[in-house]
Each structure stands twice: as structure tokens, then as C-alpha cells.
Amino acid sequence: MHHHGYSWTGEKRFFDDEAVRRPPYHEPPPVTGDGAGRRLEERYREVVAEFAVTGVPPVEIASWLMKPAALVRGTWDGPEDAGGWLATRLAEGPYPERADRLVRDAVERLAWGGDVSLGFYLDGTLFRSIAVVTCSPNRARPEFHCPLAR
């Protein structure tokens with residue numbers, strides 16, 4: 001078991017677009033031939049293309065493992081090392097006084113194979129998401145493979 005770190009900073013409106021934060025369905029929508037059907041099919045293709053490459057956090061934390069390896073910001077064998085990375089990221093945010101407790105709770109969760117996801121506003125509508133995902137296997141999604149093929 002090991003852990004991967006992910007971070008994303010961007011406008012909250014991108015974070016709020018859940019369509020690109022969910023893995024696409026395995027089958028496209030039925031083709032109806034009308035305008036609404038064509039728009040739905042175009043949106044499906046857009047979501048398929050965007051989910052695979054966008055750094056916007058997925059709705060389900062374990063789905064980070066479906067993203068390209070280039071989005072991994074760090075990999076650690078132990079939860080304490082992953083917690084150190086998380087502490088550094090939290091120190092960059094607006095709540096450094098809460099970092100110790102958040103990191104302690106995160107390390108505890110990672111130790112039993114859980115995942116951690118935190119988010120907060122930086123300035124105005126700028127949003128920061130930080131996640132540490134347990135890999136090989138992931139408890140919530142053991143069928144998801146390691147993006148780094150470790």
C-alpha cells in the first residue's frame with residue numbers, strides 16, 4: 001500500500017461543474033437524431049475527453065487513480081510522509097492554525113487505507129483542493145489500478 005498526493009487550484013465555477021468531475025458512463029447516450037440528442041452526445045464526448053486529462057478533482061476521491069500519472073504530486077509508502085506533504089500544502093492556505101489537527105486525522109485515516117480530501121477558498125472565488133489517495137489497493141475502489149504502475 002502507498003499513497004498519492006494531488007492538488008488543484010482554480011476558479012470554484014470549474015470545481016462546481018460536476019459533469020467533468022465524474023468518470024463518463026461506459027456507454028454513450030442513445031442517438032436520437034434531434035437537436036437535444038446531438039447536444040447530449042456532444043456533451044458526452046466533451047466529458048469523456050475532459051475527465052481523462054483535467055486536473056479538476058473528481059467527485060469520488062478514489063477516481064483520482066483514473067487520471068493521468070502526470071497529475072500525481074507525490075508518492076509515499078507511509079502515511080506519515082504523506083501527512084508531511086499535506087501539512088506543507090495546508091500551510092500555504094488560510095487555515096494554518098487548523099493544520100496540525102487536520103494532518104493528524106489524515107495520517108490516521110491513511111494508516112487504515114482511507115483517502116483524504118480537503119478544500120478551501122484562497123481568495124474570492126479561487127478554490128484549493130488537496131487529496132491524498134491510498135493506492136494498491138484503494139479500499140473504496142480496489143479495482144482501480146495505480147496510475148504509476150508501481
# chains A, B, ... in the order shown; residues from 1 in each chain; ligands from 1
>>> select_by_dssp(residues="chain A", states="alpha helix (DSSP H)", output="PyMOL selection string")
chain A and resi 12-15+35-53+79-91+99-111
>>> closest_residue(among="A:Ala62, A:Val47, A:Met1, A:Ala36", to="Asp17 of chain A", atoms="only C-alpha atoms")
A:Val47
>>> closest_residue(among="A:Ser63, A:Thr75, A:Thr125, A:Ser117", to="Pro24 of chain A", atoms="only C-alpha atoms")
A:Ser63
>>> residues_around(residues="segment 120-123 of chain A", least_positions_apart="5", cutoff="7 Å", atoms="only C-alpha atoms", output="ChimeraX atom specification")
/A:93-94,128-129
>>> write_last_selection(atoms="all heavy atoms", output="CSV table (one decimal), in the first residue's frame")
chain,number,residue,atom,x,y,z
A,93,GLY,N,-2.3,27.7,2.9
A,93,GLY,CA,-3.7,28.1,2.8
A,93,GLY,C,-4.1,29.0,3.9
A,93,GLY,O,-3.2,29.5,4.7
A,94,PRO,N,-5.4,29.3,4.0
A,94,PRO,CA,-5.8,30.3,5.0
A,94,PRO,C,-6.0,29.8,6.4
A,94,PRO,O,-6.4,30.6,7.3
A,94,PRO,CB,-7.2,30.8,4.4
A,94,PRO,CG,-7.6,29.6,3.7
A,94,PRO,CD,-6.4,28.9,3.1
A,128,ARG,N,-9.0,25.8,-3.6
A,128,ARG,CA,-7.8,24.9,-3.5
A,128,ARG,C,-8.3,23.5,-3.0
A,128,ARG,O,-9.0,23.5,-2.0
A,128,ARG,CB,-6.8,25.4,-2.5
A,128,ARG,CG,-5.6,24.5,-2.3
A,128,ARG,CD,-4.7,24.7,-3.4
A,128,ARG,NE,-3.4,24.4,-3.6
A,128,ARG,CZ,-2.3,24.7,-3.0
A,128,ARG,NH1,-2.3,25.3,-1.9
A,128,ARG,NH2,-1.1,24.5,-3.6
A,129,SER,N,-8.0,22.5,-3.7
A,129,SER,CA,-8.4,21.1,-3.3
A,129,SER,C,-7.1,20.3,-3.2
A,129,SER,O,-6.2,20.4,-4.0
A,129,SER,CB,-9.2,20.5,-4.4
A,129,SER,OG,-9.4,19.1,-4.1
>>> closest_residue(among="A:Phe51, A:Trp76, A:Tyr25, A:Phe14", to="Ala111 of chain A", atoms="only C-alpha atoms")
A:Trp76
>>> closest_residue(among="A:Arg139, A:Arg45, A:Arg89, A:Arg101", to="Gly119 of chain A", atoms="only C-alpha atoms")
A:Arg89
>>> closest_residue(among="A:Ala49, A:Leu65, A:Ala140, A:Leu90", to="Leu118 of chain A", atoms="only C-alpha atoms")
A:Leu90
>>> atom_distance(atom1="atom CA of Gly114 of chain A", atom2="atom CA of Gly74 of chain A")
16.9 Å
>>> residues_around(residues="Glu27 of chain A", least_positions_apart="2", cutoff="12 Å", atoms="only C-alpha atoms", output="list of chain:residue names")
A:Pro23, A:Pro24, A:Tyr25, A:Pro29, A:Pro30, A:Val31, A:Glu41, A:Tyr44, A:Arg45, A:Val48
>>> write_last_selection(atoms="all heavy atoms", output="PDB file, in the first residue's frame")
ATOM      1  N   PRO A  23     -16.414  10.254 -13.778  1.00  0.00           N
ATOM      2  CA  PRO A  23     -15.998   9.438 -14.922  1.00  0.00           C
ATOM      3  C   PRO A  23     -17.190   9.252 -15.859  1.00  0.00           C
ATOM      4  O   PRO A  23     -18.331   9.123 -15.397  1.00  0.00           O
ATOM      5  CB  PRO A  23     -15.592   8.108 -14.301  1.00  0.00           C
ATOM      6  CG  PRO A  23     -15.502   8.337 -12.839  1.00  0.00           C
ATOM      7  CD  PRO A  23     -16.300   9.559 -12.514  1.00  0.00           C
ATOM      8  N   PRO A  24     -16.963   9.253 -17.140  1.00  0.00           N
ATOM      9  CA  PRO A  24     -18.083   9.076 -18.074  1.00  0.00           C
ATOM     10  C   PRO A  24     -18.683   7.676 -17.977  1.00  0.00           C
ATOM     11  O   PRO A  24     -17.995   6.725 -17.587  1.00  0.00           O
ATOM     12  CB  PRO A  24     -17.443   9.299 -19.442  1.00  0.00           C
ATOM     13  CG  PRO A  24     -15.987   9.126 -19.234  1.00  0.00           C
ATOM     14  CD  PRO A  24     -15.693   9.432 -17.810  1.00  0.00           C
ATOM     15  N   TYR A  25     -19.945   7.587 -18.316  1.00  0.00           N
ATOM     16  CA  TYR A  25     -20.594   6.278 -18.373  1.00  0.00           C
ATOM     17  C   TYR A  25     -19.918   5.448 -19.453  1.00  0.00           C
ATOM     18  O   TYR A  25     -19.333   5.984 -20.399  1.00  0.00           O
ATOM     19  CB  TYR A  25     -22.085   6.440 -18.695  1.00  0.00           C
ATOM     20  CG  TYR A  25     -22.852   7.118 -17.596  1.00  0.00           C
ATOM     21  CD1 TYR A  25     -23.369   8.395 -17.776  1.00  0.00           C
ATOM     22  CD2 TYR A  25     -23.043   6.497 -16.373  1.00  0.00           C
ATOM     23  CE1 TYR A  25     -24.061   9.030 -16.755  1.00  0.00           C
ATOM     24  CE2 TYR A  25     -23.733   7.122 -15.354  1.00  0.00           C
ATOM     25  CZ  TYR A  25     -24.236   8.386 -15.550  1.00  0.00           C
ATOM     26  OH  TYR A  25     -24.911   9.019 -14.537  1.00  0.00           O
ATOM     27  N   PRO A  29     -24.871   8.205 -24.650  1.00  0.00           N
ATOM     28  CA  PRO A  29     -26.334   8.305 -24.681  1.00  0.00           C
ATOM     29  C   PRO A  29     -26.860   7.831 -26.035  1.00  0.00           C
ATOM     30  O   PRO A  29     -26.144   7.876 -27.041  1.00  0.00           O
ATOM     31  CB  PRO A  29     -26.592   9.799 -24.475  1.00  0.00           C
ATOM     32  CG  PRO A  29     -25.341  10.467 -24.870  1.00  0.00           C
ATOM     33  CD  PRO A  29     -24.231   9.503 -24.598  1.00  0.00           C
ATOM     34  N   PRO A  30     -28.104   7.375 -26.056  1.00  0.00           N
ATOM     35  CA  PRO A  30     -28.665   6.914 -27.336  1.00  0.00           C
ATOM     36  C   PRO A  30     -28.768   8.072 -28.332  1.00  0.00           C
ATOM     37  O   PRO A  30     -29.045   9.213 -27.955  1.00  0.00           O
ATOM     38  CB  PRO A  30     -30.050   6.391 -26.959  1.00  0.00           C
ATOM     39  CG  PRO A  30     -30.361   7.015 -25.642  1.00  0.00           C
ATOM     40  CD  PRO A  30     -29.052   7.289 -24.966  1.00  0.00           C
ATOM     41  N   VAL A  31     -28.515   7.770 -29.580  1.00  0.00           N
ATOM     42  CA  VAL A  31     -28.605   8.776 -30.638  1.00  0.00           C
ATOM     43  C   VAL A  31     -30.064   8.900 -31.047  1.00  0.00           C
ATOM     44  O   VAL A  31     -30.692   7.924 -31.438  1.00  0.00           O
ATOM     45  CB  VAL A  31     -27.732   8.373 -31.848  1.00  0.00           C
ATOM     46  CG1 VAL A  31     -27.862   9.385 -32.972  1.00  0.00           C
ATOM     47  CG2 VAL A  31     -26.289   8.209 -31.425  1.00  0.00           C
ATOM     48  N   GLU A  41     -25.061  14.169 -26.995  1.00  0.00           N
ATOM     49  CA  GLU A  41     -23.933  13.381 -27.499  1.00  0.00           C
ATOM     50  C   GLU A  41     -22.644  14.216 -27.512  1.00  0.00           C
ATOM     51  O   GLU A  41     -21.575  13.733 -27.128  1.00  0.00           O
ATOM     52  CB  GLU A  41     -24.240  12.863 -28.905  1.00  0.00           C
ATOM     53  CG  GLU A  41     -23.180  11.918 -29.421  1.00  0.00           C
ATOM     54  CD  GLU A  41     -23.532  11.342 -30.782  1.00  0.00           C
ATOM     55  OE1 GLU A  41     -24.643  11.597 -31.296  1.00  0.00           O
ATOM     56  OE2 GLU A  41     -22.672  10.650 -31.338  1.00  0.00           O
ATOM     57  N   TYR A  44     -21.423  14.507 -23.986  1.00  0.00           N
ATOM     58  CA  TYR A  44     -20.829  13.242 -23.556  1.00  0.00           C
ATOM     59  C   TYR A  44     -19.383  13.141 -24.063  1.00  0.00           C
ATOM     60  O   TYR A  44     -18.474  12.801 -23.300  1.00  0.00           O
ATOM     61  CB  TYR A  44     -21.647  12.056 -24.072  1.00  0.00           C
ATOM     62  CG  TYR A  44     -21.022  10.728 -23.738  1.00  0.00           C
ATOM     63  CD1 TYR A  44     -21.169  10.165 -22.472  1.00  0.00           C
ATOM     64  CD2 TYR A  44     -20.268  10.030 -24.683  1.00  0.00           C
ATOM     65  CE1 TYR A  44     -20.583   8.959 -22.148  1.00  0.00           C
ATOM     66  CE2 TYR A  44     -19.679   8.822 -24.365  1.00  0.00           C
ATOM     67  CZ  TYR A  44     -19.842   8.286 -23.103  1.00  0.00           C
ATOM     68  OH  TYR A  44     -19.254   7.090 -22.781  1.00  0.00           O
ATOM     69  N   ARG A  45     -19.159  13.453 -25.321  1.00  0.00           N
ATOM     70  CA  ARG A  45     -17.795  13.412 -25.880  1.00  0.00           C
ATOM     71  C   ARG A  45     -16.868  14.393 -25.162  1.00  0.00           C
ATOM     72  O   ARG A  45     -15.721  14.087 -24.890  1.00  0.00           O
ATOM     73  CB  ARG A  45     -17.827  13.739 -27.370  1.00  0.00           C
ATOM     74  CG  ARG A  45     -18.374  12.617 -28.198  1.00  0.00           C
ATOM     75  CD  ARG A  45     -18.211  12.922 -29.664  1.00  0.00           C
ATOM     76  NE  ARG A  45     -18.938  11.942 -30.429  1.00  0.00           N
ATOM     77  CZ  ARG A  45     -19.595  12.189 -31.533  1.00  0.00           C
ATOM     78  NH1 ARG A  45     -19.597  13.399 -32.039  1.00  0.00           N
ATOM     79  NH2 ARG A  45     -20.218  11.223 -32.158  1.00  0.00           N
ATOM     80  N   VAL A  48     -16.004  12.922 -21.735  1.00  0.00           N
ATOM     81  CA  VAL A  48     -15.049  11.821 -21.890  1.00  0.00           C
ATOM     82  C   VAL A  48     -13.642  12.377 -22.081  1.00  0.00           C
ATOM     83  O   VAL A  48     -12.692  11.939 -21.435  1.00  0.00           O
ATOM     84  CB  VAL A  48     -15.433  10.907 -23.075  1.00  0.00           C
ATOM     85  CG1 VAL A  48     -14.294   9.962 -23.430  1.00  0.00           C
ATOM     86  CG2 VAL A  48     -16.695  10.126 -22.752  1.00  0.00           C
TER      87      VAL A  48
END
>>> residues_around(residues="Tyr6 of chain A", least_positions_apart="2", cutoff="7 Å", atoms="only C-alpha atoms", output="list in words")
His4, Trp8, Leu71, Val72, Arg73, Ile130, Ala131 and Val132 of chain A
>>> atom_distance(atom1="atom CA of Asp16 of chain A", atom2="atom CA of Trp64 of chain A")
16.6 Å
>>> atom_distance(atom1="atom CA of Leu86 of chain A", atom2="atom CA of His2 of chain A")
14.7 Å
>>> select_by_dssp(residues="segment 11-146 of chain A", states="strand (DSSP E)", output="list of chain:residue names")
A:Glu11, A:Gly74, A:Thr75, A:Trp76, A:Val116, A:Ser117, A:Leu118, A:Gly119, A:Phe120, A:Tyr121, A:Leu122, A:Asp123, A:Leu126, A:Phe127, A:Arg128, A:Ser129, A:Ile130, A:Ala131, A:Val132, A:Val133, A:Thr134, A:Cys135
>>> closest_residue(among="A:Glu97, A:Glu108, A:Glu143, A:Glu60", to="Glu80 of chain A", atoms="only C-alpha atoms")
A:Glu108
>>> residues_around(residues="Leu148 of chain A", least_positions_apart="5", cutoff="9 Å", atoms="only C-alpha atoms", output="PyMOL selection string")
chain A and resi 68-70+72
>>> decode(residues="segment 41-64 of chain A", atoms="N, CA and C atoms", output="mmCIF file, in the first residue's frame")
data_model
loop_
_atom_site.group_PDB
_atom_site.id
_atom_site.type_symbol
_atom_site.label_atom_id
_atom_site.label_comp_id
_atom_site.auth_asym_id
_atom_site.auth_seq_id
_atom_site.Cartn_x
_atom_site.Cartn_y
_atom_site.Cartn_z
ATOM 1 N N GLU A 41 -25.061 14.169 -26.995
ATOM 2 C CA GLU A 41 -23.933 13.381 -27.499
ATOM 3 C C GLU A 41 -22.644 14.216 -27.512
ATOM 4 N N GLU A 42 -22.736 15.472 -27.916
ATOM 5 C CA GLU A 42 -21.561 16.358 -27.911
ATOM 6 C C GLU A 42 -21.048 16.554 -26.487
ATOM 7 N N ARG A 43 -21.968 16.747 -25.552
ATOM 8 C CA ARG A 43 -21.569 16.939 -24.152
ATOM 9 C C ARG A 43 -20.914 15.670 -23.615
ATOM 10 N N TYR A 44 -21.423 14.507 -23.986
ATOM 11 C CA TYR A 44 -20.829 13.242 -23.556
ATOM 12 C C TYR A 44 -19.383 13.141 -24.063
ATOM 13 N N ARG A 45 -19.159 13.453 -25.321
ATOM 14 C CA ARG A 45 -17.795 13.412 -25.880
ATOM 15 C C ARG A 45 -16.868 14.393 -25.162
ATOM 16 N N GLU A 46 -17.395 15.570 -24.855
ATOM 17 C CA GLU A 46 -16.613 16.579 -24.132
ATOM 18 C C GLU A 46 -16.214 16.070 -22.747
ATOM 19 N N VAL A 47 -17.156 15.464 -22.047
ATOM 20 C CA VAL A 47 -16.895 14.946 -20.708
ATOM 21 C C VAL A 47 -15.875 13.810 -20.770
ATOM 22 N N VAL A 48 -16.004 12.922 -21.735
ATOM 23 C CA VAL A 48 -15.049 11.821 -21.890
ATOM 24 C C VAL A 48 -13.642 12.377 -22.081
ATOM 25 N N ALA A 49 -13.514 13.369 -22.933
ATOM 26 C CA ALA A 49 -12.200 13.954 -23.214
ATOM 27 C C ALA A 49 -11.660 14.723 -22.004
ATOM 28 N N GLU A 50 -12.493 15.486 -21.331
ATOM 29 C CA GLU A 50 -12.040 16.331 -20.221
ATOM 30 C C GLU A 50 -11.709 15.538 -18.964
ATOM 31 N N PHE A 51 -12.519 14.546 -18.611
ATOM 32 C CA PHE A 51 -12.262 13.821 -17.371
ATOM 33 C C PHE A 51 -10.883 13.180 -17.387
ATOM 34 N N ALA A 52 -10.503 12.661 -18.531
ATOM 35 C CA ALA A 52 -9.234 11.941 -18.633
ATOM 36 C C ALA A 52 -8.010 12.836 -18.434
ATOM 37 N N VAL A 53 -8.132 14.129 -18.673
ATOM 38 C CA VAL A 53 -6.935 14.981 -18.627
ATOM 39 C C VAL A 53 -7.024 16.151 -17.652
ATOM 40 N N THR A 54 -8.194 16.521 -17.252
ATOM 41 C CA THR A 54 -8.326 17.702 -16.401
ATOM 42 C C THR A 54 -7.837 17.423 -14.983
ATOM 43 N N GLY A 55 -7.242 18.419 -14.386
ATOM 44 C CA GLY A 55 -6.783 18.316 -13.013
ATOM 45 C C GLY A 55 -7.852 18.672 -12.006
ATOM 46 N N VAL A 56 -9.055 19.010 -12.471
ATOM 47 C CA VAL A 56 -10.156 19.318 -11.562
ATOM 48 C C VAL A 56 -10.463 18.054 -10.757
ATOM 49 N N PRO A 57 -10.577 18.160 -9.441
ATOM 50 C CA PRO A 57 -10.775 16.969 -8.605
ATOM 51 C C PRO A 57 -12.043 16.207 -8.954
ATOM 52 N N PRO A 58 -11.953 14.890 -8.993
ATOM 53 C CA PRO A 58 -13.162 14.099 -9.233
ATOM 54 C C PRO A 58 -14.084 14.131 -8.019
ATOM 55 N N VAL A 59 -15.348 13.841 -8.255
ATOM 56 C CA VAL A 59 -16.327 13.817 -7.165
ATOM 57 C C VAL A 59 -15.966 12.719 -6.164
ATOM 58 N N GLU A 60 -15.635 11.547 -6.644
ATOM 59 C CA GLU A 60 -15.240 10.427 -5.789
ATOM 60 C C GLU A 60 -13.714 10.460 -5.658
ATOM 61 N N ILE A 61 -13.206 10.532 -4.443
ATOM 62 C CA ILE A 61 -11.771 10.703 -4.218
ATOM 63 C C ILE A 61 -10.958 9.630 -4.933
ATOM 64 N N ALA A 62 -11.383 8.383 -4.863
ATOM 65 C CA ALA A 62 -10.627 7.287 -5.472
ATOM 66 C C ALA A 62 -10.495 7.450 -6.985
ATOM 67 N N SER A 63 -11.372 8.210 -7.600
ATOM 68 C CA SER A 63 -11.303 8.403 -9.057
ATOM 69 C C SER A 63 -10.065 9.168 -9.505
ATOM 70 N N TRP A 64 -9.329 9.781 -8.562
ATOM 71 C CA TRP A 64 -8.038 10.372 -8.930
ATOM 72 C C TRP A 64 -7.156 9.308 -9.571
#
